[in-house]
Each structure stands twice: as C-alpha cells, then as structure tokens.
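Student: Following this line is input13.csv, made up of CSV, C-alpha atoms:
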```csv
chain,number,residue,atom,x,y,z
A,1,MET,CA,86.4,127.8,70.5
A,2,LEU,CA,86.8,131.3,71.7
A,3,GLU,CA,83.1,132.0,71.5
A,4,TYR,CA,82.4,128.9,73.5
A,5,VAL,CA,84.8,129.8,76.3
A,6,ARG,CA,83.6,133.4,76.5
A,7,LYS,CA,80.0,132.2,76.8
A,8,GLU,CA,81.0,129.9,79.7
A,9,ARG,CA,82.8,132.7,81.4
A,10,ARG,CA,79.6,134.7,81.5
A,11,HIS,CA,77.1,132.0,82.2
A,12,GLY,CA,78.9,128.9,83.4
A,13,ASP,CA,78.6,127.3,86.8
A,14,LYS,CA,80.3,129.0,89.6
A,15,PRO,CA,83.2,126.9,90.9
A,16,ASP,CA,83.3,125.5,94.4
A,17,LYS,CA,85.9,127.0,96.7
A,18,ILE,CA,88.8,124.8,97.8
A,19,SER,CA,89.2,124.9,101.6
A,20,ALA,CA,92.7,125.4,103.0
A,21,MET,CA,94.3,125.5,99.6
A,22,SER,CA,97.9,126.3,100.0
A,23,GLN,CA,98.1,128.5,96.9
A,24,GLN,CA,99.4,125.8,94.6
A,25,ARG,CA,100.8,127.4,91.5
A,26,ILE,CA,99.5,126.6,88.0
A,27,LEU,CA,101.1,127.7,84.7
A,28,ILE,CA,98.7,128.1,81.8
A,29,VAL,CA,100.5,128.0,78.4
A,30,ASP,CA,98.2,129.0,75.5
A,31,ASP,CA,98.6,131.5,72.7
A,32,GLU,CA,94.9,132.4,72.8
A,33,LEU,CA,94.3,135.2,75.3
A,34,PRO,CA,90.7,134.4,76.0
A,35,VAL,CA,91.7,130.9,77.0
A,36,GLN,CA,94.3,132.3,79.3
A,37,GLU,CA,91.8,134.7,80.8
A,38,VAL,CA,89.0,132.3,81.4
A,39,LEU,CA,91.1,129.5,82.8
A,40,SER,CA,93.0,132.0,85.0
A,41,LEU,CA,89.8,133.4,86.4
A,42,TYR,CA,88.3,130.0,87.0
A,43,LEU,CA,91.4,128.5,88.7
A,44,GLN,CA,92.0,131.6,90.8
A,45,ARG,CA,88.4,131.4,92.1
A,46,GLU,CA,89.2,127.7,92.9
A,47,GLY,CA,92.1,128.9,95.1
A,48,PHE,CA,95.1,128.5,92.8
A,49,HIS,CA,97.8,131.0,92.1
A,50,VAL,CA,98.0,131.3,88.3
A,51,GLN,CA,100.7,132.4,85.9
A,52,THR,CA,100.3,132.5,82.1
A,53,ALA,CA,102.5,132.2,79.0
A,54,GLY,CA,101.6,132.9,75.4
A,55,ASP,CA,104.2,130.9,73.6
A,56,GLY,CA,106.7,128.1,74.2
A,57,GLU,CA,109.7,130.3,74.7
A,58,ALA,CA,107.9,132.2,77.5
A,59,ALA,CA,106.7,128.9,79.0
A,60,LEU,CA,110.3,127.6,79.2
A,61,THR,CA,111.5,130.8,80.9
A,62,ALA,CA,108.6,130.6,83.4
A,63,VAL,CA,109.4,127.0,84.3
A,64,GLN,CA,113.1,127.6,84.7
A,65,THR,CA,112.6,130.8,86.7
A,66,ASP,CA,109.9,129.7,89.1
A,67,PRO,CA,108.8,126.1,88.6
A,68,PRO,CA,105.0,125.7,89.1
A,69,ASP,CA,103.1,122.8,90.7
A,70,LEU,CA,101.4,122.0,87.5
A,71,VAL,CA,101.4,123.1,83.8
A,72,VAL,CA,98.3,123.3,81.6
A,73,LEU,CA,100.0,123.1,78.2
A,74,ASP,CA,98.6,123.8,74.7
A,75,LEU,CA,100.4,121.8,72.1
A,76,MET,CA,100.0,124.3,69.3
A,77,LEU,CA,102.3,127.2,70.3
A,78,PRO,CA,104.4,129.8,68.5
A,79,LYS,CA,108.2,130.1,68.8
A,80,VAL,CA,108.7,126.7,70.6
A,81,SER,CA,106.1,124.0,70.1
A,82,GLY,CA,104.1,122.7,73.0
A,83,MET,CA,105.5,119.2,72.4
A,84,GLU,CA,109.1,120.6,72.7
A,85,VAL,CA,108.1,122.3,76.0
A,86,PHE,CA,106.6,119.0,77.1
A,87,ARG,CA,109.7,117.0,76.3
A,88,TYR,CA,111.8,119.6,78.2
A,89,LEU,CA,109.5,119.3,81.2
A,90,ARG,CA,109.7,115.5,81.2
A,91,ALA,CA,113.5,115.5,80.8
A,92,GLU,CA,114.2,118.1,83.5
A,93,SER,CA,111.4,117.8,86.0
A,94,ASN,CA,108.6,115.8,87.5
A,95,ILE,CA,106.1,118.7,87.1
A,96,PRO,CA,102.6,117.3,86.3
A,97,VAL,CA,101.3,118.3,82.8
A,98,ILE,CA,97.8,118.5,81.5
A,99,MET,CA,97.8,118.9,77.7
A,100,LEU,CA,95.3,120.9,75.8
A,101,THR,CA,94.7,119.5,72.3
A,102,ALA,CA,92.3,119.8,69.4
A,103,LYS,CA,90.0,116.9,68.5
A,104,SER,CA,92.1,116.2,65.4
A,105,ASP,CA,95.4,115.9,67.3
A,106,GLU,CA,94.9,112.2,68.4
A,107,VAL,CA,98.4,111.2,67.5
A,108,ASP,CA,99.9,114.0,69.6
A,109,ARG,CA,97.7,113.0,72.5
A,110,VAL,CA,98.8,109.4,72.4
A,111,VAL,CA,102.5,110.5,72.0
A,112,GLY,CA,102.1,112.8,74.9
A,113,LEU,CA,100.6,110.1,77.1
A,114,GLU,CA,103.3,107.7,76.1
A,115,LEU,CA,106.0,110.3,77.0
A,116,GLY,CA,104.4,110.8,80.4
A,117,ALA,CA,101.7,113.4,80.3
A,118,ASP,CA,99.4,113.1,83.3
A,119,ASP,CA,96.2,114.0,81.5
A,120,TYR,CA,94.8,115.9,78.5
A,121,VAL,CA,91.7,117.9,77.7
A,122,VAL,CA,90.3,118.3,74.2
A,123,LYS,CA,89.2,121.7,72.9
A,124,PRO,CA,86.6,123.1,73.1
A,125,PHE,CA,86.5,122.4,76.8
A,126,SER,CA,84.6,123.4,80.0
A,127,PRO,CA,86.7,125.4,82.4
A,128,ARG,CA,85.0,123.4,85.2
A,129,GLU,CA,86.4,120.2,83.7
A,130,VAL,CA,89.9,121.6,83.5
A,131,ALA,CA,89.7,122.7,87.1
A,132,ALA,CA,88.5,119.2,88.2
A,133,ARG,CA,91.3,117.6,86.3
A,134,VAL,CA,93.9,120.0,87.8
A,135,LYS,CA,92.7,119.0,91.3
A,136,ASN,CA,92.8,115.3,90.4
A,137,VAL,CA,96.3,115.4,89.0
A,138,LEU,CA,97.6,117.4,92.0
A,139,ARG,CA,96.0,114.9,94.3
A,140,ARG,CA,97.7,112.0,92.7
A,141,ALA,CA,101.0,113.9,92.7
A,142,ALA,CA,100.8,114.9,96.4
A,143,PRO,CA,103.3,113.4,98.9
A,144,PRO,CA,102.2,110.1,100.5
A,145,PRO,CA,100.2,110.3,103.7
A,146,PRO,CA,101.6,109.9,107.2
A,147,GLN,CA,102.5,106.4,108.1
A,148,ASP,CA,99.6,105.9,110.5
A,149,ASP,CA,97.1,106.6,107.7
A,150,ALA,CA,98.9,104.8,104.8
A,151,GLN,CA,97.7,101.8,103.0
A,152,PRO,CA,99.9,98.6,103.4
A,153,ALA,CA,102.7,97.7,101.1
A,154,ILE,CA,102.1,95.0,98.6
A,155,ARG,CA,104.5,92.2,97.6
A,156,HIS,CA,103.8,89.7,94.9
A,157,ALA,CA,106.0,87.4,92.7
A,158,GLY,CA,109.1,89.7,92.9
A,159,LEU,CA,107.1,92.9,92.7
A,160,SER,CA,107.1,95.3,95.7
A,161,ILE,CA,104.8,98.4,95.9
A,162,ASN,CA,105.3,100.8,98.8
A,163,PRO,CA,102.6,103.5,99.1
A,164,LEU,CA,104.6,105.4,101.8
A,165,THR,CA,107.4,106.2,99.4
A,166,TYR,CA,105.7,105.6,96.0
A,167,GLY,CA,108.5,103.1,95.6
A,168,VAL,CA,108.2,100.1,93.2
A,169,GLU,CA,110.8,97.3,92.9
A,170,VAL,CA,110.9,94.4,90.5
A,171,ASP,CA,113.2,91.6,91.6
A,172,GLY,CA,115.0,94.0,93.9
A,173,GLU,CA,115.5,96.7,91.2
A,174,ARG,CA,113.9,100.1,91.7
A,175,VAL,CA,111.5,101.2,89.0
A,176,ALA,CA,110.7,104.8,88.4
A,177,LEU,CA,106.9,105.5,87.9
A,178,THR,CA,105.0,108.7,87.5
A,179,SER,CA,102.4,109.4,90.2
A,180,THR,CA,99.6,108.3,87.9
A,181,GLU,CA,101.3,105.1,86.9
A,182,PHE,CA,101.8,104.3,90.6
A,183,GLU,CA,98.2,105.0,91.5
A,184,LEU,CA,97.0,102.8,88.7
A,185,LEU,CA,99.3,99.9,89.6
A,186,TYR,CA,98.5,100.2,93.3
A,187,PHE,CA,94.8,100.3,92.7
A,188,LEU,CA,94.9,97.1,90.6
A,189,ALA,CA,97.3,95.4,93.0
A,190,ARG,CA,94.9,96.1,95.9
A,191,HIS,CA,92.2,94.2,94.1
A,192,PRO,CA,93.9,91.0,92.8
A,193,GLY,CA,91.8,89.0,90.4
A,194,GLN,CA,89.1,91.6,90.1
A,195,VAL,CA,88.4,92.9,86.6
A,196,PHE,CA,88.0,96.6,85.9
A,197,ASN,CA,86.9,98.1,82.6
A,198,ARG,CA,88.5,101.3,81.4
A,199,ASP,CA,85.7,103.5,82.6
A,200,GLN,CA,85.9,102.1,86.1
A,201,LEU,CA,89.7,102.8,86.1
A,202,LEU,CA,89.2,106.3,84.8
A,203,GLU,CA,86.8,106.9,87.7
A,204,GLN,CA,88.8,105.2,90.4
A,205,VAL,CA,92.3,106.3,89.5
A,206,TRP,CA,91.8,109.5,87.5
A,207,GLY,CA,88.8,110.6,89.4
A,208,TYR,CA,87.0,111.7,86.2
A,209,GLU,CA,83.5,113.0,86.6
A,210,PHE,CA,83.4,113.9,82.9
A,211,PRO,CA,83.3,111.7,79.7
A,212,ALA,CA,86.9,110.8,78.8
A,213,ASP,CA,88.8,108.9,76.1
A,214,ASP,CA,89.6,105.5,77.4
A,215,SER,CA,92.9,105.4,75.4
A,216,THR,CA,94.3,107.2,78.5
A,217,VAL,CA,94.0,103.9,80.4
A,218,THR,CA,95.4,101.8,77.5
A,219,VAL,CA,98.5,104.0,77.1
A,220,HIS,CA,99.2,104.0,80.9
A,221,ILE,CA,98.8,100.1,81.0
A,222,HIS,CA,101.3,99.8,78.2
A,223,ARG,CA,103.7,102.1,79.9
A,224,LEU,CA,103.4,100.2,83.2
A,225,ARG,CA,104.0,96.9,81.5
A,226,ASP,CA,107.1,98.2,79.8
A,227,LYS,CA,108.4,99.3,83.2
A,228,ILE,CA,107.5,96.4,85.5
A,229,GLU,CA,106.9,93.3,83.4
A,230,PRO,CA,109.9,91.0,82.6
A,231,ASP,CA,108.2,90.3,79.2
A,232,PRO,CA,105.5,93.0,78.4
A,233,SER,CA,104.1,90.8,75.6
A,234,ASP,CA,103.4,88.1,78.1
A,235,PRO,CA,102.6,90.0,81.3
A,236,ARG,CA,103.0,88.5,84.8
A,237,TYR,CA,101.2,91.1,86.9
A,238,ILE,CA,98.7,93.2,84.8
A,239,LEU,CA,96.6,90.9,82.7
A,240,THR,CA,94.1,91.7,80.0
A,241,VAL,CA,90.6,90.3,80.0
A,242,TRP,CA,89.7,90.6,76.4
A,243,GLY,CA,86.6,92.6,75.7
A,244,VAL,CA,86.3,93.6,79.3
A,245,GLY,CA,89.3,95.3,80.8
A,246,TYR,CA,92.3,94.5,83.1
A,247,ARG,CA,93.0,92.7,86.3
A,248,PHE,CA,96.0,92.2,88.6
A,249,ALA,CA,97.2,88.6,88.9
A,250,GLU,CA,95.9,86.8,91.9
A,251,ARG,CA,98.3,86.1,94.7
A,252,GLY,CA,98.8,82.5,95.5
```
Is it possible to express this structure as structure tokens?
Tutor:
Amino acid sequence: MLEYVRKERRHGDKPDKISAMSQQRILIVDDELPVQEVLSLYLQREGFHVQTAGDGEAALTAVQTDPPDLVVLDLMLPKVSGMEVFRYLRAESNIPVIMLTAKSDEVDRVVGLELGADDYVVKPFSPREVAARVKNVLRRAAPPPPQDDAQPAIRHAGLSINPLTYGVEVDGERVALTSTEFELLYFLARHPGQVFNRDQLLEQVWGYEFPADDSTVTVHIHRLRDKIEPDPSDPRYILTVWGVGYRFAERG
C-alpha cells in the first residue's frame, strides 16, 4: 500500500488545476503518514485547503473545532475507530464523507453506505481517483443553482421533488435525503420509464470515471425506498427491472 502510493507520488499523472476554486477545506483522516502526505499534496495541487488527522480522537477534535467541507476517512484508526467518527459525523452534521477501506472490509463499506456515507475508495488507490471523487461529492453537495438555471420540480403520485431546495415530500410529509440520494432520485424521476443499469447510474449520478463497485447504487436505492416508498417491499416510484437495473414509474 505505502510503496504503491509513494510510487504514484513520484511518477503519477499531474492533476488538473481547478479554476476559481474557493479553497474548499478537506480533512484527511488516516493513521498512515505517507497516505496523508500524498493525498494532501495532490488535493492541494487541485486547489483544496487540506488538514490531516492521524487518529479518530484528533479527527473529532478537528471536526468540532473547524468543520471541513468534506472528510476523507479511513475506517481503521487508533484511539477512536473510523466507524465511530463516521457515526458522530452523521449524527451531528451533514458533512460529506468519503470512506477509505481495505478490500477485505466489504461489510464495513456496506454498513457505511447504509448509514449515509457519500462514497468510498478501496485501498490501494490512485490519488487521482480520490481527487475526482472528492470533486464529484462536493459537486453533489453544492447549493442548488439560481432559480433561472434550475431544473423544474417534479410531482408524481404524491411525490414532490424540488431541485431548488433539494426538498422532497411524500403525501405532503417532508423527507430528509442526503445530496446523493436526492441526485439519484431526481435523475431517475427526470427519465420516467427509462431503464438504467448500475454502471449508467454510477456515471450519471456519481460522475465516476473509474471502475466502481455497483453495490453503491444498490445500497442507495434501498435507502431511497426506505425513505420515500409507502411499502419499500412493493415500491411505487423506483422499480426494479430484474437483470437490468432500475427505472422510475411512468407518469400517467
């Protein structure tokens, strides 16, 4: 892992500069110093302001003292576990989180996604991939555009989706969604009846330009159904096309 990261630091592709980046702040939490150094260098060259923490206790202090715009969080941490830090973040804030996990930590990845992680990256990783995912997550978490440029609201069978406020209501009751959940729902709802496979949704909603585990989509679909469907086991809005993918119910 460390040898891989050091090699990319010396010979990896140079990142593209972000124009007009307003110094969004990234907190990198990892107990491996070379990982901190490489990701910090790469994200700083992309235009981000970067802070680091080497254990869960330091991460909690950093978040409480000066909340960042996004946290890149390793799950295997000393003092306080990464999962405990993540649970705190989800209970106390809406800060986007990208988890760093080992290939063997599939259960932790799924649990993290179910609890509301915005994305994850499996070690060993490319710093360029992490930077791309940071930008994609921040894009999804950005405030909605001005009204003149916004997409129209969508209403269908008791479901209301407002892209101006990222607001969702089901039968008049407000439903709280993460930015990624909202983007996934709104994308599907803008294409009623059209079937998308998991790879297409990863590309269109997550903006992935790297291979990714399609369980990310599956977990987000399950979370969406739990929040918006009157009966998640018999969905009204987000339908499964077995062996293919998912589609939003056609509006009559």
Student: Report, in Å with one decimal, the straight-line distance from atom CA of Leu159 of chain A to atom CA of Asp171 of chain A.
Tutor: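 That distance, rounded to one decimal, is 6.3 Å.
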Student: For a quick check of understanding, using all atoms listed in the file, which of A:Val107, A:Val134, A:Ala157, A:Val63 has the smallest distance to Leu75 of chain A?
Tutor: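 Residue with the minimum atom-to-atom distance to Leu75 of chain A: A:Val107.
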Student: Extract, using all atoms listed in the file, all DNA, RNA and protein residues at most 7 Å from segment 49-54 of chain A, discarding same-chain residues fewer than 5 positions from it, and format them as a compact mmCIF listing (two decimals) with C-alpha atoms, keeping the file's coordinate frame.
Tutor:
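The resulting result_17.txt:
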```
# COMPACT_ATOMS: atom_id res chain seq x y z
CA GLN A 23 98.10 128.50 96.90
CA GLN A 24 99.40 125.80 94.60
CA ARG A 25 100.80 127.40 91.50
CA ILE A 26 99.50 126.60 88.00
CA LEU A 27 101.10 127.70 84.70
CA ILE A 28 98.70 128.10 81.80
CA VAL A 29 100.50 128.00 78.40
CA ASP A 30 98.20 129.00 75.50
CA ASP A 31 98.60 131.50 72.70
CA GLN A 36 94.30 132.30 79.30
CA SER A 40 93.00 132.00 85.00
CA GLN A 44 92.00 131.60 90.80
CA ALA A 59 106.70 128.90 79.00
```
Student: Quick one: of A:Ser81, A:Asp214, A:Leu202, A:Pro127, who's nearest to Pro34 of chain A, counting all atoms listed in the file?
Tutor: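 With all atoms listed in the file as the atom set, the closest residue is A:Pro127.
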Student: Go ahead and fit an axis-aligned box to every listed atom of segment 194-209 of chain A plus 8 Å each side, and pass me the centre and edge lengths in Å, one decimal, as lines of an AutoDock Vina configuration file.
Tutor:
```
center_x = 87.9
center_y = 102.3
center_z = 85.9
size_x = 24.8
size_y = 37.4
size_z = 25.0
```
Student: In terms of the shortest atom-to-atom distance over only C-alpha atoms, which of A:Met83, A:Thr240, A:Phe187, A:Leu43 is closest to Ala132 of chain A?
Tutor: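 Closest candidate: A:Leu43.
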Student: Skip Met99 of chain A itself and residues of its chain fewer than 2 positions away, then list as a CSV table (one decimal) with C-alpha atoms, keeping the file's coordinate frame all residues within 6 Å of it, counting all atoms listed in the file.
Tutor:
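Below is the file result_0.csv, written as the result:
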```csv
chain,number,residue,atom,x,y,z
A,72,VAL,CA,98.3,123.3,81.6
A,73,LEU,CA,100.0,123.1,78.2
A,74,ASP,CA,98.6,123.8,74.7
A,120,TYR,CA,94.8,115.9,78.5
```
Student: What separation in Å, quoted to one decimal, exists between atom CA of Arg247 of chain A and atom CA of Arg109 of chain A?
Tutor: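 These two atoms are separated by 25.0 Å.
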Student: Between atom CA of Phe182 of chain A and atom CA of Asp118 of chain A, what is the spacing in Å?
Tutor: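 For atom CA of Asp118 of chain A relative to atom CA of Phe182 of chain A, the distance reads 11.7 Å.
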Student: Quick one: of A:Leu89, A:Ala102, A:Ala142, A:Leu39, who's nearest to Gly56 of chain A, counting all atoms listed in the file?
Tutor: A:Leu89
Student: Would you pick out the contacts of Tyr246 of chain A at 9 Å or less, using only C-alpha atoms, so that residues sharing its chain but fewer than 4 positions from it are not included, and give the list as a CSV table (one decimal) with C-alpha atoms, in the coordinates of the input?
Tutor:
```csv
chain,number,residue,atom,x,y,z
A,188,LEU,CA,94.9,97.1,90.6
A,194,GLN,CA,89.1,91.6,90.1
A,195,VAL,CA,88.4,92.9,86.6
A,196,PHE,CA,88.0,96.6,85.9
A,197,ASN,CA,86.9,98.1,82.6
A,198,ARG,CA,88.5,101.3,81.4
A,221,ILE,CA,98.8,100.1,81.0
A,238,ILE,CA,98.7,93.2,84.8
A,239,LEU,CA,96.6,90.9,82.7
A,240,THR,CA,94.1,91.7,80.0
A,241,VAL,CA,90.6,90.3,80.0
A,242,TRP,CA,89.7,90.6,76.4
```
Student: Taking into account only C-alpha atoms, which residue in the set A:Gly193, A:Gly172, A:Gly207, A:Pro152 is nearest to Glu129 of chain A?
Tutor: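 So, comparing all the options, the nearest one is A:Gly207.
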Student: Could you check the closest approach to Glu169 of chain A for each of A:Asp108, A:Glu183, A:Glu229, A:Asp199 and tell me which residue wins, using only C-alpha atoms?
Tutor: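 Result for the nearest residue to Glu169 of chain A: A:Glu229.
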Student: List every protein, DNA or RNA residue that has an atom no more than 12 Å from (112.6, 94.3, 91.0) in the file's coordinate frame, counting all atoms listed in the file, and report them as a PyMOL selection string.
Tutor: chain A and resi 155-161+167-176+227-230
